[in-house]
Every structure is written in structure tokens, then in C-alpha cells.
Amino acid sequence: MTTPSKDTEHILDFVGSVCTTDPTRIEADLGHGYVKLKSSEAERRQALQDIQCSEDILLELLRNSRDANAKNIFIALKREGDMRTIVVIDDGDGIPLELKDRVFDARVTSKLDSAHMDDWGMHGRGMALFSIRSNVTASEIVDTGHKLGTAIRIESSLESLGEKADQTTFPHFEKVDETFVMRGPKNLLRCAAEFCFAHKDEIDIRIGSFSEIASALYMLGKDRIPLTTRTFSKDASGAALVDRLAFAHDPASFKLACQSIGLDISERSARRIIDGIIPYPPTLFERMKSESFPHKGSRQQDDALFPAKHVAKPRIKLDREDMGAFTEEVANAFALFAEKYYLVSDVDIDASVRDGALRISIPLMPEE
């Protein structure tokens, strides 16, 4: 074996100092921080468990959303016969479009140096999505983009990949030796609830049917996007995925917007969501606070698990002229809706500040 010369050693040191990736661990650099690991590196990151059920699929999707810095995660579930569909939509960093199919390849990961152990085992070895695709009927990144979030849809056959028989029981807490323990079947609800509780200060998670999640996304988008932007925008493709439904103006466009993020709903359901008939689910944390203690104990017990967040309400007095100008803008925007729904547009609009919020009241009067 030839001993490297001093010049050769200097060259190797220089190459090592300027390389951004470790060639001993990487088979291919895919760009944007994504790499394909060598088999030896992937084996070193071997997960403690493989994908064996629907609950495992959901957990891996939640972990991916968390690692993409998502603050809101929406889980839509549907079962038809022996087919289970899971759609997860988040407001995280998103995936580069040119890599949205490659992420299902074995050993592809964006976590070259951030693979880590969490409460559910090793994460970041680049095998979770590959394992999911290997066990399901269909898997697809429906839509994504840089800083736009990600919508992923998974369809599986329960004949080959099972799940807990009881998918309706919501978990509850029991006190055991001065410690609160979550109980209940290890179904999709509990899987999401456990993940939510572990990240209760970082992430809001909602879970429900396709229509319920569409309703939640619609309301979130309406809260986040100004009315004038939603009214006059002709193209919502550049909006974050979690905001996109708020740009729909009628049931037909709402249905198409839902399909674009993996949610199949009918125009009838779209109409009911727009009209506010289909309620949206609360966050899982709020649901746990209200449902996980059917026989509540002392106030001290509840505060131990769910410490109250004290938020001071601002005391703001708005200038009368500013309020008048604002009300005029609201009246102009309302006129567009009034014409569409045959409502009287010339109505008195009340705008006032109460309890730390700017509240607007518009009477809906059908035209005669």
C-alpha cells in the first residue's frame, strides 16, 4: 500500500474543507439540502420499527411536518370499505418541486446531519416515505412548494396494512402515581393526540373528515388573508396551501381548490362549507381539554396538564376618521357579495372595538 505524499494529504485536506457533503455517507447530492444516502449510512440509521399499520403512516407524516417547521397541521381521514385514505396538509417549509417524487425513493432525506431520536425512535434516515410507498396502494405529494407547505395523500388497503378496529374512541387521561397517563386504543386519534400533546406549545393540529378539514382550512384562510386580497385575486396558486381554499368564490371553484390539495368533496359539501353549515373541528389540544376528562377533577388537576395561557387584551381606541374610511372599504367589498346573493348593499355597517377585537356587523337583507 502506497503512503500518501505530503502534497496529496494537503489536497485531501483542502477537498474535505470545501465539500459540503460527506462522500463516505452520500450516494447522490440532489440539491436544496436533499441527499440520497449510501446503503451503509441508511443501515446505520435503521429505524426501531417499520410501517406496519395506518397509525405508523400518520406518525411518520406528522414527524415530517414537524421537521419542516409546520405550525399548523391538518389531518383528513376517509375510509371506504377496506380502503383507508390519509391526507396531511401543513404550512411548513415545503419540498422543492423537482424533488416531490424523489422523496419516496429509498435513502433520500433532507436530514443528513440532523437525524435524531425522538419519542418514537430514530427519525431522518431517509426510509420512512420509501417504506410507506412500499406498503400502500397509492402515495403522492399532491402539491408543495418553497415556503408554501405540503399536501401528501396516502391510500392503503386494510387487507394488507391494518389499523386498530376502534377508530372512534378519543383518548383520555388517568392519574397513576401522581402522573397523568394517556389511555385508549392506539388508533389514529390517539396517535395524533400523543403527537399533539408532545408539541402542544409549537404546533396546532386538527383532525377530521375531508369536509371538516376543508371547512377548517377555509376558515383559517379567511382569518389570515385580507378580504380585498381574496376578493380581487384571480390566481391563488402562489398562496400557501393552507390558505388556498379561502380564495374560492363559489362551490365549483371550492371543489377544484380542495382537489388541488388532495381533498375530494362534492359541490354540495362545498356549498355547505361556504355557507358555514359544516363546522370545523377544534385543535386537538382544545379537544383534549374538553373531552379527555369526562369527570373533571379539581381545577388544580386540570391546570397541571393544561396551564392557562394568560393573554392581555389590548386597549386600543381607533380614530373616528380611520374607522369611517375602514367602514367605507368594507362596504365596497360587501357590495360585490350583495350583488351575487341578491342582497341589499346599501345597509348600515357597524364597526367597533370591543373586548380587544375589531368587530364588524353587516345586516343581510334580501332584495325585494
# chains A, B, ... in the order shown; residues from 1 in each chain; ligands from 1

$ select_by_dssp --residues "region 90-258 of chain A" --states "helix (DSSP H, G or I)" --output "PyMOL selection string"
chain A and resi 97-99+102-104+128-135+188-198+210-224+227-232+241-247+251-258

$ residues_around --residues "region 248-255 of chain A" --least-positions-apart "2" --cutoff "12 Å" --atoms "only C-alpha atoms" --output "PyMOL selection string"
chain A and resi 210-211+214-215+217-219+221-222+227+229-237+243-246+257-275+336-337+340-341

$ residues_around --residues "Leu241 (chain A)" --least-positions-apart "2" --cutoff "8 Å" --atoms "only C-alpha atoms" --output "list in words"
Ile89, Asp90, Asp91, Asp143, Thr144, Leu148, Gly149, Thr150, Ala151, Ala239, Asp243, Arg244 and Ile261 of chain A

$ write_last_selection --atoms "N, CA, C and O atoms" --output "CSV table (one decimal), in the first residue's frame"
chain,number,residue,atom,x,y,z
A,89,ILE,N,-51.9,18.0,5.4
A,89,ILE,CA,-51.6,19.3,4.8
A,89,ILE,C,-51.0,20.2,5.9
A,89,ILE,O,-51.5,20.3,7.0
A,90,ASP,N,-49.9,20.8,5.6
A,90,ASP,CA,-49.2,21.6,6.6
A,90,ASP,C,-48.8,22.9,6.0
A,90,ASP,O,-48.8,23.1,4.8
A,91,ASP,N,-48.3,23.8,6.9
A,91,ASP,CA,-47.8,25.1,6.4
A,91,ASP,C,-46.3,25.2,6.7
A,91,ASP,O,-45.8,26.3,7.0
A,143,ASP,N,-49.3,18.5,-3.7
A,143,ASP,CA,-48.8,19.9,-4.0
A,143,ASP,C,-47.9,20.3,-2.9
A,143,ASP,O,-47.9,19.8,-1.8
A,144,THR,N,-46.9,21.1,-3.3
A,144,THR,CA,-45.9,21.6,-2.4
A,144,THR,C,-45.2,22.8,-3.1
A,144,THR,O,-45.5,23.2,-4.2
A,148,LEU,N,-44.5,27.1,0.9
A,148,LEU,CA,-45.9,27.0,0.7
A,148,LEU,C,-46.6,25.9,1.4
A,148,LEU,O,-47.8,25.8,1.4
A,149,GLY,N,-45.8,25.1,2.1
A,149,GLY,CA,-46.3,23.9,2.8
A,149,GLY,C,-46.4,22.7,1.9
A,149,GLY,O,-45.9,22.7,0.7
A,150,THR,N,-47.0,21.6,2.4
A,150,THR,CA,-47.0,20.4,1.7
A,150,THR,C,-48.4,19.7,1.9
A,150,THR,O,-48.9,19.7,3.0
A,151,ALA,N,-48.9,19.1,0.8
A,151,ALA,CA,-50.1,18.2,1.0
A,151,ALA,C,-49.7,16.9,0.4
A,151,ALA,O,-49.3,16.7,-0.7
A,239,ALA,N,-50.4,31.2,-3.3
A,239,ALA,CA,-50.7,31.2,-1.8
A,239,ALA,C,-50.3,30.0,-1.1
A,239,ALA,O,-50.2,28.9,-1.8
A,243,ASP,N,-54.0,28.3,3.0
A,243,ASP,CA,-54.8,29.5,2.7
A,243,ASP,C,-55.6,29.4,1.4
A,243,ASP,O,-56.5,30.2,1.2
A,244,ARG,N,-55.3,28.4,0.6
A,244,ARG,CA,-55.8,28.4,-0.8
A,244,ARG,C,-57.3,28.3,-0.9
A,244,ARG,O,-57.9,28.9,-1.8
A,261,ILE,N,-55.4,20.0,-3.3
A,261,ILE,CA,-54.6,19.7,-2.1
A,261,ILE,C,-55.0,18.3,-1.6
A,261,ILE,O,-54.7,18.0,-0.4

$ residues_around --residues "Met365 (chain A)" --least-positions-apart "6" --cutoff "10 Å" --atoms "only C-alpha atoms" --output "list in words"
Ala338, Tyr342, Leu343, Val344, Ser345, Asp346 and Val347 of chain A

$ write_last_selection --atoms "all heavy atoms" --output "mmCIF file, in the first residue's frame"
data_model
loop_
_atom_site.group_PDB
_atom_site.id
_atom_site.type_symbol
_atom_site.label_atom_id
_atom_site.label_comp_id
_atom_site.auth_asym_id
_atom_site.auth_seq_id
_atom_site.Cartn_x
_atom_site.Cartn_y
_atom_site.Cartn_z
ATOM 1 N N ALA A 338 -73.082 41.222 -2.126
ATOM 2 C CA ALA A 338 -74.511 41.514 -2.103
ATOM 3 C C ALA A 338 -75.128 41.323 -3.484
ATOM 4 O O ALA A 338 -76.224 40.762 -3.626
ATOM 5 C CB ALA A 338 -74.735 42.948 -1.609
ATOM 6 N N TYR A 342 -78.018 38.563 -4.226
ATOM 7 C CA TYR A 342 -79.284 39.314 -4.282
ATOM 8 C C TYR A 342 -79.638 39.899 -2.917
ATOM 9 O O TYR A 342 -80.752 39.762 -2.418
ATOM 10 C CB TYR A 342 -80.416 38.425 -4.806
ATOM 11 C CG TYR A 342 -80.115 37.822 -6.153
ATOM 12 C CD1 TYR A 342 -79.722 36.494 -6.262
ATOM 13 C CD2 TYR A 342 -80.195 38.596 -7.325
ATOM 14 C CE1 TYR A 342 -79.419 35.941 -7.505
ATOM 15 C CE2 TYR A 342 -79.885 38.047 -8.565
ATOM 16 C CZ TYR A 342 -79.504 36.724 -8.652
ATOM 17 O OH TYR A 342 -79.194 36.180 -9.864
ATOM 18 N N LEU A 343 -78.630 40.554 -2.317
ATOM 19 C CA LEU A 343 -78.826 41.204 -1.033
ATOM 20 C C LEU A 343 -78.803 42.720 -1.215
ATOM 21 O O LEU A 343 -78.201 43.238 -2.163
ATOM 22 C CB LEU A 343 -77.728 40.794 -0.045
ATOM 23 C CG LEU A 343 -77.611 39.307 0.283
ATOM 24 C CD1 LEU A 343 -76.363 39.048 1.111
ATOM 25 C CD2 LEU A 343 -78.851 38.810 1.013
ATOM 26 N N VAL A 344 -79.401 43.409 -0.286
ATOM 27 C CA VAL A 344 -79.361 44.873 -0.310
ATOM 28 C C VAL A 344 -77.951 45.313 0.089
ATOM 29 O O VAL A 344 -77.448 44.933 1.150
ATOM 30 C CB VAL A 344 -80.399 45.466 0.664
ATOM 31 C CG1 VAL A 344 -80.268 46.987 0.711
ATOM 32 C CG2 VAL A 344 -81.802 45.053 0.255
ATOM 33 N N SER A 345 -77.299 46.088 -0.771
ATOM 34 C CA SER A 345 -75.920 46.502 -0.497
ATOM 35 C C SER A 345 -75.839 47.777 0.323
ATOM 36 O O SER A 345 -74.868 48.014 1.040
ATOM 37 C CB SER A 345 -75.166 46.696 -1.817
ATOM 38 O OG SER A 345 -75.791 47.681 -2.621
ATOM 39 N N ASP A 346 -76.879 48.605 0.245
ATOM 40 C CA ASP A 346 -76.877 49.878 0.958
ATOM 41 C C ASP A 346 -77.451 49.681 2.360
ATOM 42 O O ASP A 346 -78.618 49.975 2.634
ATOM 43 C CB ASP A 346 -77.685 50.918 0.175
ATOM 44 C CG ASP A 346 -77.606 52.303 0.810
ATOM 45 O OD1 ASP A 346 -76.691 52.500 1.634
ATOM 46 O OD2 ASP A 346 -78.446 53.156 0.487
ATOM 47 N N VAL A 347 -76.621 49.130 3.232
ATOM 48 C CA VAL A 347 -77.047 48.870 4.610
ATOM 49 C C VAL A 347 -76.063 49.550 5.563
ATOM 50 O O VAL A 347 -74.936 49.900 5.182
ATOM 51 C CB VAL A 347 -77.113 47.357 4.913
ATOM 52 C CG1 VAL A 347 -78.192 46.690 4.093
ATOM 53 C CG2 VAL A 347 -75.759 46.704 4.657
#

$ closest_residue --among "A:Ile277, A:Ala333, A:Ile203, A:Cys191" --to "Asn69 (chain A)" --atoms "only C-alpha atoms"
A:Ile203

$ closest_residue --among "A:Ala331, A:Ile57, A:Ile141, A:Met182" --to "Pro96 (chain A)" --atoms "only C-alpha atoms"
A:Ile141

$ select_by_dssp --residues "region 107-328 of chain A" --states "strand (DSSP E or B)" --output "number ranges by chain"
A: 108-109, 116-118, 121-123, 138-145, 149-157, 172-176, 179-183, 204-208

$ atom_distance --atom1 "CA of Leu284 (chain A)" --atom2 "CA of Ala193 (chain A)"
6.3 Å

$ closest_residue --among "A:Arg359, A:Lys36, A:Lys164, A:His199" --to "Val108 (chain A)" --atoms "only C-alpha atoms"
A:Lys36

$ atom_distance --atom1 "CA of Leu318 (chain A)" --atom2 "CA of Val353 (chain A)"
7.9 Å

$ atom_distance --atom1 "CA of Glu202 (chain A)" --atom2 "CA of Ala70 (chain A)"
8.7 Å

$ closest_residue --among "A:Val330, A:Ile73, A:Val103, A:Ile349" --to "Leu220 (chain A)" --atoms "only C-alpha atoms"
A:Ile73

$ closest_residue --among "A:Glu155, A:Asn187, A:Asp105, A:Ala325" --to "Tyr34 (chain A)" --atoms "only C-alpha atoms"
A:Asp105

$ closest_residue --among "A:Asp93, A:Glu159, A:Asp101, A:Glu194" --to "Ser139 (chain A)" --atoms "only C-alpha atoms"
A:Asp101
